[in-house]
Number of protein chains: 2
Amino acid sequence: MKPRKRKRLEAAGWRVGDAAEFLGLSGEERALLELRLALADEVRHTRTSQGTTQAQLAERLGSSQSRVAKLEAGDPSVSADLLLRALFALGVSMRDLAEVVASLKGVGGRGGARGRSRRRPDPRR
Amino acid sequence: MKPRKRKRLEAAGWRVGDAAEFLGLSGEERALLELRLALADEVRHTRTSQGTTQAQLAERLGSSQSRVAKLEAGDPSVSADLLLRALFALGVSMRDLAEVVASLKGVGGRGGARGRSRRRPDPRR
DNA sequence: ACGCGGCATGTCCGATGTGACATAGGCACC
DNA sequence: GGTGCCTATGTCACATCGGACATGCCGCGT
């Protein structure tokens, strides 16, 4: 897909939480994007709070500093796999991970404990 | 890296829950593997409970039936990205996803999950 | 038995992620 | 100013992933 480049651009001036709305992203793409950003954010957060450098993390991952930088920047060229590996390499537990995911539940406004949007995808066929 | 090949082999004769222990998998690789399997499981589960076929899901994803099959089989050739896209395409919410992740929190060595019995109630409310 | 729909497995080849490297900006400290 | 450390960005060769296609297996209804 080509829109990858676009994502890059967006990634530039971005704000977790309300960005994707502008774009013509389908629900699933949107959710995935959001999740990725949240994970990227979590990586940086955890890393810095541990006093670890990008280079050190890279080494643990068998990767390179530049990739870690891109990773944390939410660059589309990094896969979810790498994001997850990074998190685990930092010692993030499943529980922590679950919390991060859970914090995105309502997409729209953060903190949205409100919407109990529990509905089926879409019955059309 | 090379250990990818290994994963393939392992994937052949596999058993959810107690497999990774034998292999020389580092904690992070192990966690990732486990997460992937749980997600794959969740895909199949959600899909079947909706009465959707692999082919239909594949179409929604812009993919093919064979890939979905591999996906659900936990084949290493499918990325976490695809796994997540599949879940979202099935209408799984962040909340549901978080629950799946949370259900793995303790899987460490012992304890839980021996073999196949470890089936969580049923994610759907 | 036959056909059929759903799933699994294997193999291509084009698309994309990955590590390594180079390079630059920002800071702190001497 | 100069040095060292951390991070950001770009590029590239190579490995892996991804969709498509082919094929086989299995259960089921006719």
# chains A, B, ... in the order shown; residues from 1 in each chain; ligands from 1

$ closest_atom_pairs --of "chain B" --to "chain D" --cutoff "7 Å" --atoms "only C-alpha atoms (C1' of nucleotides)" --output "Markdown table"
| residue | atom | partner | partner_atom | distance |
| --- | --- | --- | --- | --- |
| B:Ser63 | CA | D:DG19 | C1' | 5.9 |
| B:Ser64 | CA | D:DG19 | C1' | 6.3 |
| B:Ser77 | CA | D:DC17 | C1' | 6.5 |
| B:Val78 | CA | D:DC17 | C1' | 6.9 |

$ write_last_selection --atoms "N, CA, C and O atoms" --output "PDB file, in the first residue's frame"
ATOM      1  N   SER B  63      -7.062 -10.131   1.868  1.00  0.00           N
ATOM      2  CA  SER B  63      -6.059 -11.187   1.851  1.00  0.00           C
ATOM      3  C   SER B  63      -6.661 -12.450   1.261  1.00  0.00           C
ATOM      4  O   SER B  63      -7.680 -12.393   0.582  1.00  0.00           O
ATOM      5  N   SER B  64      -6.048 -13.556   1.523  1.00  0.00           N
ATOM      6  CA  SER B  64      -6.544 -14.804   0.954  1.00  0.00           C
ATOM      7  C   SER B  64      -6.807 -15.851   2.027  1.00  0.00           C
ATOM      8  O   SER B  64      -6.265 -15.779   3.123  1.00  0.00           O
ATOM      9  N   SER B  77       4.957 -17.319   9.720  1.00  0.00           N
ATOM     10  CA  SER B  77       5.036 -16.449   8.546  1.00  0.00           C
ATOM     11  C   SER B  77       3.987 -15.348   8.592  1.00  0.00           C
ATOM     12  O   SER B  77       3.908 -14.546   7.670  1.00  0.00           O
ATOM     13  N   VAL B  78       3.188 -15.315   9.622  1.00  0.00           N
ATOM     14  CA  VAL B  78       2.260 -14.193   9.706  1.00  0.00           C
ATOM     15  C   VAL B  78       2.691 -13.259  10.819  1.00  0.00           C
ATOM     16  O   VAL B  78       3.083 -13.701  11.891  1.00  0.00           O
TER      17      VAL B  78
END

$ closest_atom_pairs --of "chain A" --to "chain C" --cutoff "12 Å" --atoms "only C-alpha atoms (C1' of nucleotides)" --output "tab-separated table"
residue	atom	partner	partner_atom	distance
A:Met1	CA	C:DA15	C1'	8.5
A:Lys2	CA	C:DA15	C1'	10.6
A:Arg4	CA	C:DT16	C1'	10.5
A:Ala58	CA	C:DG19	C1'	10.2
A:Glu59	CA	C:DG19	C1'	11.1
A:Leu61	CA	C:DG19	C1'	10.8
A:Gly62	CA	C:DG19	C1'	8.5
A:Ser63	CA	C:DG19	C1'	6.0
A:Ser64	CA	C:DG19	C1'	6.3
A:Gln65	CA	C:DG19	C1'	9.6
A:Ser66	CA	C:DG19	C1'	9.1
A:Arg67	CA	C:DG19	C1'	8.0
A:Val68	CA	C:DG19	C1'	10.9
A:Lys70	CA	C:DT18	C1'	11.8
A:Leu71	CA	C:DT18	C1'	11.8
A:Asp75	CA	C:DG17	C1'	11.3
A:Pro76	CA	C:DG17	C1'	9.4
A:Ser77	CA	C:DG17	C1'	6.2
A:Val78	CA	C:DG17	C1'	6.5
A:Ser79	CA	C:DG17	C1'	6.9
A:Ala80	CA	C:DG17	C1'	10.5
A:Asp81	CA	C:DG17	C1'	10.3
A:Leu82	CA	C:DG17	C1'	9.7

$ interface_residues --of "chain A" --to "chain B" --cutoff "7 Å" --atoms "only C-alpha atoms" --output "list in words"
Glu28, Leu32, Ser79, Ala80, Asp81, Leu84, Arg85, Phe88, Ala89, Ser93, Met94, Arg95, Ala98, Glu99, Val101, Ala102, Leu104, Lys105, Arg120 and Pro121 of chain A

$ residues_around --residues "B:Glu42" --least-positions-apart "2" --cutoff "9 Å" --atoms "only C-alpha atoms (C1' of nucleotides)" --output "number ranges by chain"
B: 37-40, 44-47, 72, 87, 97, 100, 123
